[in-house]
There are 2 protein chains.
Amino acid sequence: MKGVEGNVNAIDPDRLRQTIMTEDDFLEALFKRMPLPPGDLVIPPGDDCAGFRSADGGILLIAVDQVVEGRHFLDEGPFTASPRQVGRKLLARNLSDIAAMGGTPLYCLSSVALGSRHDTAWLDRFFDGMLELCRRWETHLIGGDLARGAERTVASLTIVGRAGERQVLRRSGARAGDGFWATGVFGRSFATAHHLDFEPRIEEGRWLAERGLSRAMIDVSDGLLIDAGRLCRASGVGLFLDPGTVPRRSGDTTLQEALTDGEDYELLFAVSKENEERLRRDWPFRGLPLTRLGEFRSAPSPGVFDLGGKPLDTEGARGWDHFSR
Amino acid sequence: MKGVEGNVNAIDPDRLRQTIMTEDDFLEALFKRMPLPPGDLVIPPGDDCAGFRSADGGILLIAVDQVVEGRHFLDEGPFTASPRQVGRKLLARNLSDIAAMGGTPLYCLSSVALGSRHDTAWLDRFFDGMLELCRRWETHLIGGDLARGAERTVASLTIVGRAGERQVLRRSGARAGDGFWATGVFGRSFATAHHLDFEPRIEEGRWLAERGLSRAMIDVSDGLLIDAGRLCRASGVGLFLDPGTVPRRSGDTTLQEALTDGEDYELLFAVSKENEERLRRDWPFRGLPLTRLGEFRSAPSPGVFDLGGKPLDTEGARGWDHFSR
């Protein structure tokens, strides 16, 4: 869930001054206002997916995510996304949340409020892109709601998936001494259209979960630093990151871009010392980089530090939270 | 799902000419483009909820619905809805879909794209209204996604519920000879703020389902005629409606308003001849009208007719489909 990308829009300084609360803060406070969750809610809100127990001993995973015209995709100028790319992206973002739990996607439902620039033909192509990816991952669209009257198009998708109870990977499992690993490369997601065309790491996430090679995982939606920081806070550990090891998308990608651009939709995960060699040896996904970026250690307060112990995920540096901006 | 109310907006004739496809038509065509659904999808899309088998023999119900500023709620003028009412309405619409299957709500997830007129304080009160109704129906909010950048606020909610496999009430079970029954009263939902303050008929739907007193059900979102027509088409029967029996919300409500205004969120259901007396006798919900409005019979084509056999749910008369308008 989470993950509101904003590279698309320039920061509006008025809006920035107006609002001080991040999406994480708002949602955390919101979920605390509910009474204690029922016993079968084994993964409460705050992870990539919530999860409740299915009677067969597995866990049903569920998450929601949305795209907003002008914010998650552009409909004018050189970076215009086709409707097909928009529909594909909406599903892919949600698939990435299932991937981050080590799960398998099953079903999805989507609501679309069409803006004034879009018509039924646009919507048809939007669903072309979504259904193509549905077929690829055997994920069935089983519900929808359509409306007009929005000024800008807003589309939301809820995904349902499944994971074995012992396999499911939460954000909270990282321990001091674990290695910090990542799939893929980072930065310049918007300029390269990666944010539209990325492949969700379903197979990789499931492979890690099934083999017990990882004990905490998250996907990168808002930026490597901000999402690594979430992993740290959920696990109560510090992460000592070696910035020199971060793989960049291209030769002209800066370290800052790699750390904070977001929308990479790669997996970040914790691997215990005794599993690191096996992970490196058995990794079957040729062509997809697998990199050790640092190590978790105990720290006075959870967060991301450079090798000298300087905090990296501070308010100014940690990347984009695009609800508060 | 379905159910895009539009009493709030005047009909825009340009938009009407522009678009010829109804929401039902669009979604029906869309779902047909998916490969055959997996075996555990026991209620495919097209009903009030989709449903898939849970390993304990029950069915997990799921549906999505949304509200759009200026379309499902107004933020200016004499009919302005408070943010609390908007949040409440969004959940209540979805609870009504669970009610229409005879189910029990369990969980919900909501995404909100905030429009330019709304801020974090508005959103807080929006969730006040939603959480209040969550508590009333022991429904847990377990996921959320927040974004800014929409011009008009759009909020979507996905609901998950449960029903026993033998109890679940679909649209397709009505048979010739069954009576056609309704809870509550109809019409003038917008003018009376009923569309904001209604009570979803969860208890009533569950009572009917558990006692096996109904064999097909739907809730009224788009209008009595249009939703009764959906029940007819799903069941392959005609409905012969006695317009004189339709209970109206107030003395000044016209028959046309009662038949077509929509957003009544009452239950329409089919009752076999042998159960009608028992239903009338055992109905425990004092204060909530229970009315027999007509009878299902075989007909050359499914649809709603008056007692003389004149079709009532024709394009012009059947009410509001607010995707196409």
# chains A, B, ... in the order shown; residues from 1 in each chain; ligands from 1

$ interface_residues --of "chain B" --to "chain A" --cutoff "7 Å" --atoms "only C-alpha atoms" --output "ChimeraX atom specification"
/B:1-2,4,23,37,44-45,50,54-56,63-66,68,70-71,109,111,140,142-152,154,156,158,322-323

$ select_by_dssp --residues "region 36-114 of chain B" --states "strand (DSSP E)" --output "count of residues only"
25

$ calpha_fit_and_write --fixed "chain B" --moving "chain A" --output "mmCIF file with C-alpha atoms, in the first residue's frame"
data_model
loop_
_atom_site.group_PDB
_atom_site.id
_atom_site.type_symbol
_atom_site.label_atom_id
_atom_site.label_comp_id
_atom_site.auth_asym_id
_atom_site.auth_seq_id
_atom_site.Cartn_x
_atom_site.Cartn_y
_atom_site.Cartn_z
ATOM 1 C CA MET A 1 -20.855 -2.574 -6.277
ATOM 2 C CA LYS A 2 -22.454 -0.729 -9.196
ATOM 3 C CA GLY A 3 -24.634 2.042 -7.946
ATOM 4 C CA VAL A 4 -23.389 5.396 -9.070
ATOM 5 C CA GLU A 5 -25.851 7.941 -7.896
ATOM 6 C CA GLY A 6 -26.337 11.081 -9.838
ATOM 7 C CA ASN A 7 -29.233 12.953 -8.337
ATOM 8 C CA VAL A 8 -26.536 15.205 -7.044
ATOM 9 C CA ASN A 9 -25.552 16.434 -10.493
ATOM 10 C CA ALA A 10 -27.827 17.717 -13.151
ATOM 11 C CA ILE A 11 -27.496 15.639 -16.315
ATOM 12 C CA ASP A 12 -24.858 17.046 -18.604
ATOM 13 C CA PRO A 13 -26.356 16.625 -22.099
ATOM 14 C CA ASP A 14 -22.936 16.684 -23.785
ATOM 15 C CA ARG A 15 -21.753 13.833 -21.680
ATOM 16 C CA LEU A 16 -24.998 11.974 -22.311
ATOM 17 C CA ARG A 17 -24.563 12.208 -26.081
ATOM 18 C CA GLN A 18 -20.896 11.299 -25.849
ATOM 19 C CA THR A 19 -21.391 8.035 -24.046
ATOM 20 C CA ILE A 20 -23.728 5.266 -24.876
ATOM 21 C CA MET A 21 -22.518 2.474 -22.676
ATOM 22 C CA THR A 22 -23.970 1.796 -19.246
ATOM 23 C CA GLU A 23 -21.794 0.721 -16.352
ATOM 24 C CA ASP A 24 -23.436 -2.736 -16.406
ATOM 25 C CA ASP A 25 -22.683 -3.142 -20.115
ATOM 26 C CA PHE A 26 -19.108 -1.998 -19.735
ATOM 27 C CA LEU A 27 -18.365 -4.239 -16.755
ATOM 28 C CA GLU A 28 -20.113 -7.251 -18.272
ATOM 29 C CA ALA A 29 -17.980 -6.963 -21.409
ATOM 30 C CA LEU A 30 -14.889 -6.387 -19.280
ATOM 31 C CA PHE A 31 -15.298 -9.464 -17.103
ATOM 32 C CA LYS A 32 -15.887 -11.603 -20.205
ATOM 33 C CA ARG A 33 -12.408 -10.682 -21.396
ATOM 34 C CA MET A 34 -10.832 -12.569 -18.486
ATOM 35 C CA PRO A 35 -10.014 -16.272 -18.908
ATOM 36 C CA LEU A 36 -12.301 -18.728 -17.101
ATOM 37 C CA PRO A 37 -12.244 -18.047 -13.380
ATOM 38 C CA PRO A 38 -10.601 -20.491 -10.976
ATOM 39 C CA GLY A 39 -12.774 -23.158 -9.354
ATOM 40 C CA ASP A 40 -12.967 -21.523 -5.965
ATOM 41 C CA LEU A 41 -14.583 -18.372 -7.369
ATOM 42 C CA VAL A 42 -18.117 -19.527 -6.579
ATOM 43 C CA ILE A 43 -19.765 -16.154 -7.191
ATOM 44 C CA PRO A 44 -18.267 -14.561 -10.300
ATOM 45 C CA PRO A 45 -18.430 -10.785 -10.820
ATOM 46 C CA GLY A 46 -21.831 -9.362 -11.726
ATOM 47 C CA ASP A 47 -23.584 -9.825 -8.386
ATOM 48 C CA ASP A 48 -23.573 -7.382 -5.444
ATOM 49 C CA CYS A 49 -20.364 -9.065 -4.289
ATOM 50 C CA ALA A 50 -18.016 -11.604 -5.829
ATOM 51 C CA GLY A 51 -17.409 -14.646 -3.641
ATOM 52 C CA PHE A 52 -14.674 -17.219 -3.350
ATOM 53 C CA ARG A 53 -14.609 -20.360 -1.305
ATOM 54 C CA SER A 54 -12.914 -20.249 2.047
ATOM 55 C CA ALA A 55 -11.395 -23.522 3.245
ATOM 56 C CA ASP A 56 -13.938 -23.789 6.090
ATOM 57 C CA GLY A 57 -16.760 -24.236 3.564
ATOM 58 C CA GLY A 58 -17.949 -20.662 3.833
ATOM 59 C CA ILE A 59 -17.708 -17.994 1.189
ATOM 60 C CA LEU A 60 -15.642 -14.842 1.385
ATOM 61 C CA LEU A 61 -17.556 -11.973 -0.173
ATOM 62 C CA ILE A 62 -15.806 -8.959 -1.654
ATOM 63 C CA ALA A 63 -16.986 -5.766 -3.347
ATOM 64 C CA VAL A 64 -15.732 -2.283 -4.179
ATOM 65 C CA ASP A 65 -17.574 1.020 -4.320
ATOM 66 C CA GLN A 66 -16.598 4.679 -4.460
ATOM 67 C CA VAL A 67 -17.834 8.218 -3.865
ATOM 68 C CA VAL A 68 -16.879 11.191 -6.022
ATOM 69 C CA GLU A 69 -17.144 14.811 -4.885
ATOM 70 C CA GLY A 70 -19.876 16.617 -6.830
ATOM 71 C CA ARG A 71 -21.408 13.315 -7.878
ATOM 72 C CA HIS A 72 -22.075 11.216 -4.774
ATOM 73 C CA PHE A 73 -21.799 14.080 -2.335
ATOM 74 C CA LEU A 74 -21.839 17.857 -2.542
ATOM 75 C CA ASP A 75 -19.392 20.169 -0.882
ATOM 76 C CA GLU A 76 -21.280 23.411 -1.414
ATOM 77 C CA GLY A 77 -24.825 24.710 -1.366
ATOM 78 C CA PRO A 78 -27.776 23.694 0.802
ATOM 79 C CA PHE A 79 -27.168 19.954 0.360
ATOM 80 C CA THR A 80 -23.536 19.993 1.510
ATOM 81 C CA ALA A 81 -22.501 16.722 3.134
ATOM 82 C CA SER A 82 -20.186 16.883 6.125
ATOM 83 C CA PRO A 83 -16.929 14.901 5.814
ATOM 84 C CA ARG A 84 -18.256 12.617 8.527
ATOM 85 C CA GLN A 85 -21.339 11.871 6.415
ATOM 86 C CA VAL A 86 -19.195 11.199 3.346
ATOM 87 C CA GLY A 87 -17.015 8.641 5.158
ATOM 88 C CA ARG A 88 -20.072 7.035 6.669
ATOM 89 C CA LYS A 89 -21.845 6.865 3.310
ATOM 90 C CA LEU A 90 -18.906 5.226 1.554
ATOM 91 C CA LEU A 91 -18.821 2.387 4.084
ATOM 92 C CA ALA A 92 -22.612 2.115 4.289
ATOM 93 C CA ARG A 93 -22.901 1.624 0.504
ATOM 94 C CA ASN A 94 -20.482 -1.266 0.739
ATOM 95 C CA LEU A 95 -22.178 -2.748 3.800
ATOM 96 C CA SER A 96 -25.384 -2.690 1.782
ATOM 97 C CA ASP A 97 -23.704 -4.912 -0.842
ATOM 98 C CA ILE A 98 -22.784 -7.429 1.864
ATOM 99 C CA ALA A 99 -26.354 -7.210 3.219
ATOM 100 C CA ALA A 100 -27.733 -8.006 -0.228
ATOM 101 C CA MET A 101 -25.878 -11.353 -0.177
ATOM 102 C CA GLY A 102 -27.086 -12.200 3.333
ATOM 103 C CA GLY A 103 -23.502 -11.854 4.583
ATOM 104 C CA THR A 104 -21.633 -10.536 7.604
ATOM 105 C CA PRO A 105 -19.039 -7.793 7.091
ATOM 106 C CA LEU A 106 -15.516 -8.421 8.402
ATOM 107 C CA TYR A 107 -12.900 -6.093 6.976
ATOM 108 C CA CYS A 108 -12.538 -3.038 4.779
ATOM 109 C CA LEU A 109 -9.800 -1.069 3.034
ATOM 110 C CA SER A 110 -10.107 2.482 1.771
ATOM 111 C CA SER A 111 -8.169 4.712 -0.599
ATOM 112 C CA VAL A 112 -8.697 8.458 -0.710
ATOM 113 C CA ALA A 113 -7.451 10.943 -3.303
ATOM 114 C CA LEU A 114 -7.930 14.346 -1.680
ATOM 115 C CA GLY A 115 -9.229 17.148 -3.869
ATOM 116 C CA SER A 116 -8.118 20.745 -3.756
ATOM 117 C CA ARG A 117 -10.862 21.815 -1.331
ATOM 118 C CA HIS A 118 -10.019 19.215 1.321
ATOM 119 C CA ASP A 119 -7.209 18.918 3.852
ATOM 120 C CA THR A 120 -6.025 16.558 6.576
ATOM 121 C CA ALA A 121 -8.660 17.883 8.989
ATOM 122 C CA TRP A 122 -11.387 17.026 6.471
ATOM 123 C CA LEU A 123 -9.887 13.559 6.075
ATOM 124 C CA ASP A 124 -9.842 13.068 9.832
ATOM 125 C CA ARG A 125 -13.559 13.749 10.078
ATOM 126 C CA PHE A 126 -14.215 11.608 7.001
ATOM 127 C CA PHE A 127 -12.641 8.677 8.869
ATOM 128 C CA ASP A 128 -14.555 9.618 12.059
ATOM 129 C CA GLY A 129 -17.757 8.865 10.174
ATOM 130 C CA MET A 130 -16.390 5.688 8.638
ATOM 131 C CA LEU A 131 -14.948 4.309 11.894
ATOM 132 C CA GLU A 132 -18.131 4.990 13.816
ATOM 133 C CA LEU A 133 -20.020 2.746 11.408
ATOM 134 C CA CYS A 134 -17.116 0.242 11.440
ATOM 135 C CA ARG A 135 -17.572 -0.129 15.187
ATOM 136 C CA ARG A 136 -21.335 -0.497 14.881
ATOM 137 C CA TRP A 137 -20.911 -3.471 12.522
ATOM 138 C CA GLU A 138 -17.623 -4.847 13.922
ATOM 139 C CA THR A 139 -15.965 -4.244 10.585
ATOM 140 C CA HIS A 140 -12.229 -3.633 10.736
ATOM 141 C CA LEU A 141 -10.428 -1.092 8.581
ATOM 142 C CA ILE A 142 -7.233 -2.956 7.696
ATOM 143 C CA GLY A 143 -5.718 -1.014 4.840
ATOM 144 C CA GLY A 144 -5.533 2.410 3.344
ATOM 145 C CA ASP A 145 -3.885 4.509 0.721
ATOM 146 C CA LEU A 146 -3.858 8.298 0.724
ATOM 147 C CA ALA A 147 -2.884 10.683 -2.044
ATOM 148 C CA ARG A 148 -3.255 14.318 -2.905
ATOM 149 C CA GLY A 149 -3.450 15.932 -6.281
ATOM 150 C CA ALA A 150 -7.009 15.114 -7.296
ATOM 151 C CA GLU A 151 -9.043 18.152 -8.240
ATOM 152 C CA ARG A 152 -12.186 16.637 -6.715
ATOM 153 C CA THR A 153 -11.998 14.186 -3.839
ATOM 154 C CA VAL A 154 -12.501 10.526 -4.781
ATOM 155 C CA ALA A 155 -12.718 7.825 -2.098
ATOM 156 C CA SER A 156 -12.970 4.112 -2.746
ATOM 157 C CA LEU A 157 -13.668 1.273 -0.322
ATOM 158 C CA THR A 158 -13.332 -2.473 -0.629
ATOM 159 C CA ILE A 159 -15.335 -4.610 1.754
ATOM 160 C CA VAL A 160 -14.752 -8.234 2.733
ATOM 161 C CA GLY A 161 -17.472 -10.299 4.367
ATOM 162 C CA ARG A 162 -18.490 -13.859 4.938
ATOM 163 C CA ALA A 163 -21.563 -16.029 4.323
ATOM 164 C CA GLY A 164 -22.349 -19.705 4.676
ATOM 165 C CA GLU A 165 -22.229 -21.427 1.296
ATOM 166 C CA ARG A 166 -25.846 -22.565 1.507
ATOM 167 C CA GLN A 167 -27.061 -19.253 2.831
ATOM 168 C CA VAL A 168 -25.560 -16.841 0.383
ATOM 169 C CA LEU A 169 -28.211 -15.011 -1.640
ATOM 170 C CA ARG A 170 -27.453 -14.277 -5.261
ATOM 171 C CA ARG A 171 -29.391 -12.270 -7.807
ATOM 172 C CA SER A 172 -30.066 -15.310 -9.941
ATOM 173 C CA GLY A 173 -32.344 -17.408 -7.718
ATOM 174 C CA ALA A 174 -35.806 -15.914 -8.407
ATOM 175 C CA ARG A 175 -38.336 -18.319 -9.989
ATOM 176 C CA ALA A 176 -41.702 -17.810 -11.683
ATOM 177 C CA GLY A 177 -44.334 -17.869 -8.965
ATOM 178 C CA ASP A 178 -42.131 -16.239 -6.300
ATOM 179 C CA GLY A 179 -43.361 -13.133 -4.558
ATOM 180 C CA PHE A 180 -41.372 -9.907 -4.913
ATOM 181 C CA TRP A 181 -40.754 -8.244 -1.563
ATOM 182 C CA ALA A 182 -39.008 -5.123 -0.305
ATOM 183 C CA THR A 183 -37.853 -3.634 2.962
ATOM 184 C CA GLY A 184 -38.451 0.022 3.747
ATOM 185 C CA VAL A 185 -39.716 2.950 1.720
ATOM 186 C CA PHE A 186 -38.592 4.545 -1.534
ATOM 187 C CA GLY A 187 -37.873 7.844 -3.262
ATOM 188 C CA ARG A 188 -36.543 11.316 -2.429
ATOM 189 C CA SER A 189 -33.374 9.875 -0.992
ATOM 190 C CA PHE A 190 -31.314 12.903 -1.908
ATOM 191 C CA ALA A 191 -33.695 15.645 -0.760
ATOM 192 C CA THR A 192 -34.193 13.956 2.607
ATOM 193 C CA ALA A 193 -30.484 13.145 3.149
ATOM 194 C CA HIS A 194 -31.446 9.469 3.367
ATOM 195 C CA HIS A 195 -28.588 8.782 0.918
ATOM 196 C CA LEU A 196 -26.181 9.920 3.643
ATOM 197 C CA ASP A 197 -27.805 8.596 6.793
ATOM 198 C CA PHE A 198 -29.357 5.263 5.802
ATOM 199 C CA GLU A 199 -28.865 2.102 7.825
ATOM 200 C CA PRO A 200 -27.520 -0.787 5.757
ATOM 201 C CA ARG A 201 -29.868 -3.781 6.065
ATOM 202 C CA ILE A 202 -27.226 -6.201 7.373
ATOM 203 C CA GLU A 203 -29.377 -7.793 10.060
ATOM 204 C CA GLU A 204 -32.387 -8.099 7.800
ATOM 205 C CA GLY A 205 -30.368 -9.636 4.965
ATOM 206 C CA ARG A 206 -28.732 -12.132 7.293
ATOM 207 C CA TRP A 207 -32.051 -13.012 8.923
ATOM 208 C CA LEU A 208 -33.585 -13.783 5.511
ATOM 209 C CA ALA A 209 -30.554 -15.809 4.444
ATOM 210 C CA GLU A 210 -30.215 -17.832 7.632
ATOM 211 C CA ARG A 211 -33.873 -18.832 7.645
ATOM 212 C CA GLY A 212 -33.908 -19.704 3.953
ATOM 213 C CA LEU A 213 -36.828 -17.337 3.433
ATOM 214 C CA SER A 214 -35.500 -15.693 0.305
ATOM 215 C CA ARG A 215 -33.881 -17.144 -2.768
ATOM 216 C CA ALA A 216 -32.611 -14.058 -4.579
ATOM 217 C CA MET A 217 -31.758 -10.600 -3.337
ATOM 218 C CA ILE A 218 -30.331 -7.230 -4.417
ATOM 219 C CA ASP A 219 -30.016 -3.838 -2.761
ATOM 220 C CA VAL A 220 -31.426 -0.672 -4.294
ATOM 221 C CA SER A 221 -28.620 1.654 -5.246
ATOM 222 C CA ASP A 222 -29.594 2.939 -8.696
ATOM 223 C CA GLY A 223 -33.376 2.799 -8.300
ATOM 224 C CA LEU A 224 -36.113 0.296 -7.562
ATOM 225 C CA LEU A 225 -36.867 -0.360 -11.246
ATOM 226 C CA ILE A 226 -33.295 -0.612 -12.451
ATOM 227 C CA ASP A 227 -32.256 -2.903 -9.597
ATOM 228 C CA ALA A 228 -35.398 -5.047 -9.848
ATOM 229 C CA GLY A 229 -34.594 -5.343 -13.562
ATOM 230 C CA ARG A 230 -31.110 -6.628 -12.686
ATOM 231 C CA LEU A 231 -32.668 -9.277 -10.444
ATOM 232 C CA CYS A 232 -34.971 -10.289 -13.324
ATOM 233 C CA ARG A 233 -32.209 -10.538 -15.903
ATOM 234 C CA ALA A 234 -29.929 -12.525 -13.567
ATOM 235 C CA SER A 235 -32.801 -14.914 -12.786
ATOM 236 C CA GLY A 236 -34.262 -15.057 -16.302
ATOM 237 C CA VAL A 237 -37.784 -14.162 -15.174
ATOM 238 C CA GLY A 238 -40.264 -11.329 -15.531
ATOM 239 C CA LEU A 239 -41.481 -9.258 -12.607
ATOM 240 C CA PHE A 240 -45.062 -8.076 -12.535
ATOM 241 C CA LEU A 241 -45.017 -5.103 -10.225
ATOM 242 C CA ASP A 242 -48.073 -3.459 -8.687
ATOM 243 C CA PRO A 243 -47.034 0.205 -8.623
ATOM 244 C CA GLY A 244 -49.799 0.996 -6.147
ATOM 245 C CA THR A 245 -48.071 -1.072 -3.453
ATOM 246 C CA VAL A 246 -44.719 0.760 -3.555
ATOM 247 C CA PRO A 247 -44.208 2.450 -0.163
ATOM 248 C CA ARG A 248 -43.060 6.045 -0.564
ATOM 249 C CA ARG A 249 -40.727 7.929 1.734
ATOM 250 C CA SER A 250 -43.109 10.805 2.348
ATOM 251 C CA GLY A 251 -46.538 12.117 1.413
ATOM 252 C CA ASP A 252 -45.149 14.295 -1.353
ATOM 253 C CA THR A 253 -43.030 11.543 -2.935
ATOM 254 C CA THR A 254 -44.301 10.713 -6.414
ATOM 255 C CA LEU A 255 -44.496 7.176 -7.772
ATOM 256 C CA GLN A 256 -41.851 8.078 -10.360
ATOM 257 C CA GLU A 257 -39.512 9.222 -7.589
ATOM 258 C CA ALA A 258 -40.104 6.047 -5.603
ATOM 259 C CA LEU A 259 -39.398 3.890 -8.642
ATOM 260 C CA THR A 260 -36.362 5.694 -10.013
ATOM 261 C CA ASP A 261 -34.649 8.060 -7.553
ATOM 262 C CA GLY A 262 -32.312 5.380 -6.245
ATOM 263 C CA GLU A 263 -29.972 5.364 -3.237
ATOM 264 C CA ASP A 264 -32.684 3.814 -1.062
ATOM 265 C CA TYR A 265 -30.370 0.972 -0.008
ATOM 266 C CA GLU A 266 -33.334 -1.227 0.801
ATOM 267 C CA LEU A 267 -33.434 -4.939 0.003
ATOM 268 C CA LEU A 268 -35.480 -6.371 -2.869
ATOM 269 C CA PHE A 269 -35.960 -10.125 -2.714
ATOM 270 C CA ALA A 270 -37.772 -13.162 -4.076
ATOM 271 C CA VAL A 271 -39.804 -15.393 -1.735
ATOM 272 C CA SER A 272 -41.271 -18.728 -2.785
ATOM 273 C CA LYS A 273 -45.045 -19.099 -2.423
ATOM 274 C CA GLU A 274 -44.731 -21.561 0.474
ATOM 275 C CA ASN A 275 -42.558 -19.156 2.463
ATOM 276 C CA GLU A 276 -44.555 -15.951 2.090
ATOM 277 C CA GLU A 277 -46.874 -16.583 5.017
ATOM 278 C CA ARG A 278 -43.973 -17.498 7.300
ATOM 279 C CA LEU A 279 -42.060 -14.395 6.245
ATOM 280 C CA ARG A 280 -45.000 -12.124 7.009
ATOM 281 C CA ARG A 281 -45.611 -13.811 10.365
ATOM 282 C CA ASP A 282 -42.017 -14.065 11.630
ATOM 283 C CA TRP A 283 -40.595 -10.724 10.410
ATOM 284 C CA PRO A 284 -38.972 -9.423 13.601
ATOM 285 C CA PHE A 285 -37.908 -5.955 12.497
ATOM 286 C CA ARG A 286 -40.707 -3.835 13.929
ATOM 287 C CA GLY A 287 -40.662 -0.354 12.518
ATOM 288 C CA LEU A 288 -39.179 -1.446 9.194
ATOM 289 C CA PRO A 289 -41.890 -1.885 6.561
ATOM 290 C CA LEU A 290 -41.991 -5.205 4.746
ATOM 291 C CA THR A 291 -44.047 -5.091 1.568
ATOM 292 C CA ARG A 292 -45.045 -7.461 -1.194
ATOM 293 C CA LEU A 293 -44.726 -5.462 -4.415
ATOM 294 C CA GLY A 294 -45.541 -8.037 -7.033
ATOM 295 C CA GLU A 295 -44.797 -11.456 -8.434
ATOM 296 C CA PHE A 296 -42.225 -13.101 -10.670
ATOM 297 C CA ARG A 297 -43.592 -14.899 -13.719
ATOM 298 C CA SER A 298 -42.116 -16.287 -16.860
ATOM 299 C CA ALA A 299 -41.967 -13.629 -19.570
ATOM 300 C CA PRO A 300 -40.779 -13.519 -23.173
ATOM 301 C CA SER A 301 -37.845 -11.404 -22.023
ATOM 302 C CA PRO A 302 -36.699 -10.747 -18.456
ATOM 303 C CA GLY A 303 -37.681 -7.356 -17.107
ATOM 304 C CA VAL A 304 -40.172 -5.433 -15.007
ATOM 305 C CA PHE A 305 -43.799 -5.029 -16.143
ATOM 306 C CA ASP A 306 -46.890 -3.433 -14.686
ATOM 307 C CA LEU A 307 -49.894 -5.615 -13.928
ATOM 308 C CA GLY A 308 -51.122 -5.092 -17.495
ATOM 309 C CA GLY A 309 -47.847 -6.402 -18.904
ATOM 310 C CA LYS A 310 -46.456 -3.038 -20.019
ATOM 311 C CA PRO A 311 -42.652 -2.883 -19.647
ATOM 312 C CA LEU A 312 -41.613 -0.479 -16.883
ATOM 313 C CA ASP A 313 -37.835 -0.648 -16.915
ATOM 314 C CA THR A 314 -37.319 0.762 -20.380
ATOM 315 C CA GLU A 315 -34.350 2.969 -21.133
ATOM 316 C CA GLY A 316 -36.219 6.192 -20.422
ATOM 317 C CA ALA A 317 -38.080 5.079 -17.342
ATOM 318 C CA ARG A 318 -35.883 2.683 -15.482
ATOM 319 C CA GLY A 319 -33.935 5.238 -13.504
ATOM 320 C CA TRP A 320 -30.337 6.238 -13.219
ATOM 321 C CA ASP A 321 -27.275 4.550 -14.510
ATOM 322 C CA HIS A 322 -24.786 7.194 -13.605
ATOM 323 C CA PHE A 323 -21.795 5.962 -15.401
ATOM 324 C CA SER A 324 -23.380 6.576 -18.809
ATOM 325 C CA ARG A 325 -24.842 9.956 -17.853
#

$ select_by_dssp --residues "region 124-207 of chain A" --states "alpha helix (DSSP H)" --output "MDAnalysis selection string"
chainID A and resid 124:136 194:197 202:207
